[in-house]
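Student: Shown below is the structure under consideration.
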Amino acid sequence: EKSVDWEKWVDHSIHFVRGSLEQNNTKFFLADSDERACAYIIGPAPYRWQDISRGEGTEAAAGGTNVASLFDANDALEADKRQEHPLFMSVSLSLMAEIINSRLFTTVRDSLGLTYDVSFELQLLDRMEKSWYSVSVTSTPAKIDDALDASLHVLRELSTRRVSQQELERARRTLLARHETDLKDNSYLIGLLTHLQCETVPRKDLQCLQELTTVYNAATVADIYEAYNRMGLSDQEIYTCTGVSGENMEEQDAEAERQRQLEAAAAISEASQNGNLFEAIRIALDRQSKQ
């Protein structure tokens with residue numbers, strides 16, 4: 001038998017291509033018999049096997065919530081041990097996602113009444129050193145912009161409204177109960193075993209199966225912020241896309257285009273009056289390239 005040459009299967013990095021704020025926040029209109037609307041928020045996230053005990057992703061965590069302030073002095077050593085475990089980032093991200101989903105549901109649906117369906121998901125890949133998150137929310141055309149803004153606010157407010165121990169315990173119970181139930185499903189078991197002996201996923205070994213519940217039970221609020229602080233949540237890092245359908249979308253689209261033309265004309269006029277000819281030319285060229 002021929003051995004597999006893993007050099008031919010080198011995984012490629014994921015790069016998030018950045019444009020202007022307008023290009024990264026788009027809105028589409030579709031003529032349809034039903035009035036509907038949905039919106040998405042997407043941004044970079046830590047990858048499943050990220051080893052922060054070796055300093056991976058330190059730059060991304062800079063400027064986030066001060067994790068050190070969440071630790072007791074006696075807990076620092078235990079924190080280092082938890083961070084060295086291969087499942088640390090995966091478990092921290094899963095708990096964080098469960099808490100964010102709970103907050104989205106409570107805030108955007110129950111409190112504000114802007115949607116019936118909102119969810120936060122992580123795309124965690126075994127063989128890529130980048131991942132991403134997404135939020136999807138559906139609503140009516142009149143409420144979709146508010147629903148999008150409220151969902152983004154919930155994502156960002158973890159830095160100001162700290163995760164409580166009660167939220168952590170509730171998320172832990174939910175995920176462990178789901179794990180026990182899913183163990184009866186063969187496809188779930190196969191998923192746990194996937195890449196267990198793969199050379200390109202060196203951190204996945206038997207202890208990832210044997211100690212999964214142990215890592216969940218040992219997780220702390222500070223661990224969640226180790227994951228959260230590595231999320232891309234700034235205006236320069238996120239992408240949003242909104243789709244709206246209805247019978248009069250063509251008229252609304254034409255009106256929106258006229259409004260954009262007026263705004264562009266006003267911006268060009270203001271730049272010219274201020275003596276900034278180059279800025280006026282740049283706006284005009286940018287407007288022409290989008291037509």
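Going by the structure tokens order, chains are called A, B, ..., each with residues numbered from 1, while ligands are numbered from 1 in the order shown.
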Near A:Ser245, within 12 Å and counting only C-alpha atoms, which residues show up once chain neighbours fewer than 2 positions away are dropped, as an mmCIF file with C-alpha atoms, in the first residue's frame?
Tutor:
data_model
loop_
_atom_site.group_PDB
_atom_site.id
_atom_site.type_symbol
_atom_site.label_atom_id
_atom_site.label_comp_id
_atom_site.auth_asym_id
_atom_site.auth_seq_id
_atom_site.Cartn_x
_atom_site.Cartn_y
_atom_site.Cartn_z
ATOM 1 C CA LYS A 27 -28.859 45.449 1.049
ATOM 2 C CA PHE A 28 -30.783 43.734 -1.735
ATOM 3 C CA PHE A 29 -34.384 44.143 -2.899
ATOM 4 C CA LEU A 30 -36.389 41.430 -4.636
ATOM 5 C CA ALA A 31 -39.845 41.788 -6.185
ATOM 6 C CA ASP A 32 -42.054 39.027 -4.798
ATOM 7 C CA SER A 33 -45.699 38.385 -3.902
ATOM 8 C CA ASP A 34 -44.822 38.065 -0.197
ATOM 9 C CA GLU A 35 -43.204 40.685 1.989
ATOM 10 C CA ARG A 36 -40.266 39.094 3.750
ATOM 11 C CA ALA A 37 -36.853 40.099 5.026
ATOM 12 C CA CYS A 38 -33.729 38.471 6.428
ATOM 13 C CA ALA A 39 -30.302 39.699 7.462
ATOM 14 C CA THR A 138 -35.680 37.119 9.854
ATOM 15 C CA SER A 139 -38.311 39.819 10.188
ATOM 16 C CA THR A 140 -40.677 42.046 8.243
ATOM 17 C CA PRO A 141 -39.285 44.627 5.786
ATOM 18 C CA ALA A 142 -40.252 47.407 8.190
ATOM 19 C CA ILE A 144 -35.405 44.128 9.552
ATOM 20 C CA THR A 242 -29.913 42.296 4.211
ATOM 21 C CA GLY A 243 -32.461 40.961 1.756
ATOM 22 C CA GLU A 247 -44.569 43.575 -4.413
ATOM 23 C CA ASN A 248 -43.291 47.168 -4.672
ATOM 24 C CA MET A 249 -39.573 46.447 -4.385
ATOM 25 C CA GLU A 250 -38.729 47.860 -7.825
ATOM 26 C CA GLU A 251 -40.225 51.232 -6.857
ATOM 27 C CA GLN A 252 -38.474 51.127 -3.483
ATOM 28 C CA ASP A 253 -35.194 50.172 -5.174
#
Student: May I have all residues of stretch 117-281 of chain A that DSSP, computed from the backbone, assigns to strand (DSSP E or B), given as number ranges by chain?
Tutor: A: 117-123, 131-139, 239-246
Student: Can I get the selected residues back with N, CA and C atoms, as a PDB file, in the first residue's frame?
Tutor:
ATOM      1  N   ASP A 117     -37.291  34.430  14.623  1.00  0.00           N
ATOM      2  CA  ASP A 117     -36.179  33.502  14.408  1.00  0.00           C
ATOM      3  C   ASP A 117     -34.866  34.266  14.327  1.00  0.00           C
ATOM      4  N   VAL A 118     -33.989  34.043  15.283  1.00  0.00           N
ATOM      5  CA  VAL A 118     -32.649  34.621  15.265  1.00  0.00           C
ATOM      6  C   VAL A 118     -31.694  33.599  15.847  1.00  0.00           C
ATOM      7  N   SER A 119     -30.528  33.444  15.234  1.00  0.00           N
ATOM      8  CA  SER A 119     -29.596  32.422  15.714  1.00  0.00           C
ATOM      9  C   SER A 119     -28.156  32.835  15.444  1.00  0.00           C
ATOM     10  N   PHE A 120     -27.278  32.347  16.298  1.00  0.00           N
ATOM     11  CA  PHE A 120     -25.832  32.568  16.187  1.00  0.00           C
ATOM     12  C   PHE A 120     -25.182  31.211  15.939  1.00  0.00           C
ATOM     13  N   GLU A 121     -24.309  31.135  14.946  1.00  0.00           N
ATOM     14  CA  GLU A 121     -23.645  29.873  14.622  1.00  0.00           C
ATOM     15  C   GLU A 121     -22.158  30.101  14.396  1.00  0.00           C
ATOM     16  N   LEU A 122     -21.376  29.081  14.733  1.00  0.00           N
ATOM     17  CA  LEU A 122     -19.943  29.096  14.488  1.00  0.00           C
ATOM     18  C   LEU A 122     -19.609  28.045  13.441  1.00  0.00           C
ATOM     19  N   GLN A 123     -18.790  28.422  12.474  1.00  0.00           N
ATOM     20  CA  GLN A 123     -18.296  27.463  11.486  1.00  0.00           C
ATOM     21  C   GLN A 123     -16.890  27.049  11.912  1.00  0.00           C
ATOM     22  N   SER A 131     -11.718  30.567  11.370  1.00  0.00           N
ATOM     23  CA  SER A 131     -13.131  30.205  11.395  1.00  0.00           C
ATOM     24  C   SER A 131     -13.943  31.486  11.317  1.00  0.00           C
ATOM     25  N   TRP A 132     -15.253  31.332  11.257  1.00  0.00           N
ATOM     26  CA  TRP A 132     -16.098  32.516  11.227  1.00  0.00           C
ATOM     27  C   TRP A 132     -17.409  32.221  11.942  1.00  0.00           C
ATOM     28  N   TYR A 133     -18.053  33.289  12.344  1.00  0.00           N
ATOM     29  CA  TYR A 133     -19.361  33.171  12.977  1.00  0.00           C
ATOM     30  C   TYR A 133     -20.393  33.826  12.068  1.00  0.00           C
ATOM     31  N   SER A 134     -21.641  33.494  12.282  1.00  0.00           N
ATOM     32  CA  SER A 134     -22.720  34.143  11.528  1.00  0.00           C
ATOM     33  C   SER A 134     -23.947  34.274  12.412  1.00  0.00           C
ATOM     34  N   VAL A 135     -24.653  35.357  12.224  1.00  0.00           N
ATOM     35  CA  VAL A 135     -25.946  35.573  12.869  1.00  0.00           C
ATOM     36  C   VAL A 135     -26.977  35.726  11.762  1.00  0.00           C
ATOM     37  N   SER A 136     -28.053  34.990  11.836  1.00  0.00           N
ATOM     38  CA  SER A 136     -29.144  35.134  10.870  1.00  0.00           C
ATOM     39  C   SER A 136     -30.403  35.550  11.616  1.00  0.00           C
ATOM     40  N   VAL A 137     -31.123  36.502  11.042  1.00  0.00           N
ATOM     41  CA  VAL A 137     -32.346  36.996  11.672  1.00  0.00           C
ATOM     42  C   VAL A 137     -33.371  37.276  10.578  1.00  0.00           C
ATOM     43  N   THR A 138     -34.588  36.856  10.799  1.00  0.00           N
ATOM     44  CA  THR A 138     -35.680  37.119   9.854  1.00  0.00           C
ATOM     45  C   THR A 138     -36.674  38.069  10.507  1.00  0.00           C
ATOM     46  N   SER A 139     -37.347  38.863   9.664  1.00  0.00           N
ATOM     47  CA  SER A 139     -38.311  39.819  10.188  1.00  0.00           C
ATOM     48  C   SER A 139     -39.164  40.333   9.038  1.00  0.00           C
ATOM     49  N   TYR A 239     -19.221  41.795   8.335  1.00  0.00           N
ATOM     50  CA  TYR A 239     -19.956  41.955   7.083  1.00  0.00           C
ATOM     51  C   TYR A 239     -21.442  41.798   7.410  1.00  0.00           C
ATOM     52  N   THR A 240     -22.271  42.625   6.820  1.00  0.00           N
ATOM     53  CA  THR A 240     -23.711  42.456   6.978  1.00  0.00           C
ATOM     54  C   THR A 240     -24.367  42.440   5.598  1.00  0.00           C
ATOM     55  N   CYS A 241     -25.430  41.676   5.493  1.00  0.00           N
ATOM     56  CA  CYS A 241     -26.175  41.605   4.246  1.00  0.00           C
ATOM     57  C   CYS A 241     -27.653  41.476   4.578  1.00  0.00           C
ATOM     58  N   THR A 242     -28.472  42.300   3.964  1.00  0.00           N
ATOM     59  CA  THR A 242     -29.913  42.296   4.211  1.00  0.00           C
ATOM     60  C   THR A 242     -30.649  42.080   2.902  1.00  0.00           C
ATOM     61  N   GLY A 243     -31.627  41.202   2.926  1.00  0.00           N
ATOM     62  CA  GLY A 243     -32.461  40.961   1.756  1.00  0.00           C
ATOM     63  C   GLY A 243     -33.914  41.245   2.085  1.00  0.00           C
ATOM     64  N   VAL A 244     -34.581  42.002   1.223  1.00  0.00           N
ATOM     65  CA  VAL A 244     -35.971  42.385   1.443  1.00  0.00           C
ATOM     66  C   VAL A 244     -36.767  42.064   0.183  1.00  0.00           C
ATOM     67  N   SER A 245     -37.944  41.459   0.344  1.00  0.00           N
ATOM     68  CA  SER A 245     -38.797  41.154  -0.809  1.00  0.00           C
ATOM     69  C   SER A 245     -40.197  41.711  -0.577  1.00  0.00           C
ATOM     70  N   GLY A 246     -40.882  41.980  -1.676  1.00  0.00           N
ATOM     71  CA  GLY A 246     -42.239  42.507  -1.615  1.00  0.00           C
ATOM     72  C   GLY A 246     -42.725  42.885  -2.998  1.00  0.00           C
TER      73      GLY A 246
END
Student: Between A:Asp80, A:Glu157, A:Glu22, A:Asp182, which one has atoms that come closest to A:Asp223, using only C-alpha atoms?
Tutor: A:Asp80
Student: What are the nearest atom pairs, with distances in Å to one decimal, for all residues of stretch 78-125 of chain A that come at most 7 Å from stretch 168-173 of chain A, using only C-alpha atoms, set out by chain and rising residue number as a Markdown table?
Tutor:
| residue | atom | partner | partner_atom | distance |
| --- | --- | --- | --- | --- |
| A:Leu95 | CA | A:Ala171 | CA | 5.9 |
| A:Glu98 | CA | A:Ala171 | CA | 5.8 |
| A:Ile99 | CA | A:Ala171 | CA | 6.2 |
Student: Hey, which of A:Ala218, A:Phe88, A:Thr213, A:Val17 ends up closest to A:Ala177? Count only C-alpha atoms.
Tutor: A:Thr213
Student: So that I can check the secondary structure, give me every residue of stretch 105-251 of chain A assigned alpha helix (DSSP H) by backbone DSSP, as number ranges by chain.
Tutor: A: 144-156, 165-182, 186-193, 207-210, 212-218, 221-228, 249-251
Student: Report as a ChimeraX atom specification all protein, DNA and RNA residues lying within 12 Å of A:Glu211, evaluated on only C-alpha atoms, omitting residues in the same chain fewer than 2 positions from it.
Tutor: /A:82,85-88,91,204-209,213-218
Student: Would you compute the distance between atom CA of A:Pro44 and atom CA of A:Gly232? Give it in Å to one decimal.
Tutor: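 Interatomic distance, atom CA of A:Pro44 to atom CA of A:Gly232: 5.0 Å.
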Student: Out of A:Val221, A:Leu21, A:Ala150, A:Met96, which residue has the shortest atom-to-atom distance to A:Gly113 when counting only C-alpha atoms?
Tutor: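 Under the stated criterion, the closest residue is A:Ala150.
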Student: For each of A:Glu226, A:Asp51, A:Asp126, A:Glu84, take the minimum atom-to-atom distance to A:Val201, counting only C-alpha atoms, then give the residue where this is smallest.
Tutor: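 For A:Val201, the nearest of the candidates is A:Asp126.
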Student: Of the residues A:Ile100, A:Leu124, A:Ala45, A:Leu158, which is the one nearest to A:Phe16, using only C-alpha atoms?
Tutor: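 Closest to A:Phe16, using only C-alpha atoms: A:Ala45.
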Student: Can you work out the spacing between atom CA of A:Arg161 and atom CA of A:Ser234 in Å, to one decimal?
Tutor: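 Between these atoms lies a distance of 17.0 Å.
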Student: When you draw a straight line from atom CA of A:Ser92 to atom CA of A:Ile224, how long is it in Å?
Tutor: 5.0 Å
Student: In terms of the shortest atom-to-atom distance over only C-alpha atoms, which of A:Ile52, A:Ile41, A:Val154, A:Leu125 is closest to A:Asn101?
Tutor: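 Going through A:Ile52, A:Ile41, A:Val154, A:Leu125 one by one, the smallest distance to A:Asn101 is for A:Val154.
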Student: Neighbouring residues of A:Leu114 were defined as those with any atom within 7 Å, considering only C-alpha atoms; residues of the same chain fewer than 6 positions away were excluded. Please report them as a list in words.
Tutor: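 Selected residues are Val108, Ser139, Lys143 and Ala147 of chain A.
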Student: Write the residues of the preceding selection, restricted to all heavy atoms, as a PDB file, in the first residue's frame.
Tutor:
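So out.pdb came out as:
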ATOM      1  N   VAL A 108     -33.858  40.124  21.200  1.00  0.00           N
ATOM      2  CA  VAL A 108     -34.383  40.501  19.884  1.00  0.00           C
ATOM      3  C   VAL A 108     -35.802  39.984  19.676  1.00  0.00           C
ATOM      4  O   VAL A 108     -36.635  40.660  19.082  1.00  0.00           O
ATOM      5  CB  VAL A 108     -33.448  39.989  18.769  1.00  0.00           C
ATOM      6  CG1 VAL A 108     -33.929  40.482  17.400  1.00  0.00           C
ATOM      7  CG2 VAL A 108     -32.021  40.448  19.012  1.00  0.00           C
ATOM      8  N   SER A 139     -37.347  38.863   9.664  1.00  0.00           N
ATOM      9  CA  SER A 139     -38.311  39.819  10.188  1.00  0.00           C
ATOM     10  C   SER A 139     -39.164  40.333   9.038  1.00  0.00           C
ATOM     11  O   SER A 139     -39.121  39.794   7.926  1.00  0.00           O
ATOM     12  CB  SER A 139     -37.592  40.972  10.896  1.00  0.00           C
ATOM     13  OG  SER A 139     -38.510  41.809  11.568  1.00  0.00           O
ATOM     14  N   LYS A 143     -39.144  46.051   9.895  1.00  0.00           N
ATOM     15  CA  LYS A 143     -38.404  45.855  11.137  1.00  0.00           C
ATOM     16  C   LYS A 143     -37.009  45.268  10.952  1.00  0.00           C
ATOM     17  O   LYS A 143     -36.252  45.167  11.928  1.00  0.00           O
ATOM     18  CB  LYS A 143     -39.193  44.922  12.066  1.00  0.00           C
ATOM     19  CG  LYS A 143     -40.510  45.479  12.571  1.00  0.00           C
ATOM     20  CD  LYS A 143     -41.177  44.482  13.507  1.00  0.00           C
ATOM     21  CE  LYS A 143     -42.481  45.022  14.065  1.00  0.00           C
ATOM     22  NZ  LYS A 143     -43.139  44.023  14.975  1.00  0.00           N
ATOM     23  N   ALA A 147     -33.923  44.883  13.614  1.00  0.00           N
ATOM     24  CA  ALA A 147     -33.552  43.542  14.067  1.00  0.00           C
ATOM     25  C   ALA A 147     -32.066  43.294  13.868  1.00  0.00           C
ATOM     26  O   ALA A 147     -31.401  42.691  14.724  1.00  0.00           O
ATOM     27  CB  ALA A 147     -34.372  42.489  13.314  1.00  0.00           C
TER      28      ALA A 147
END
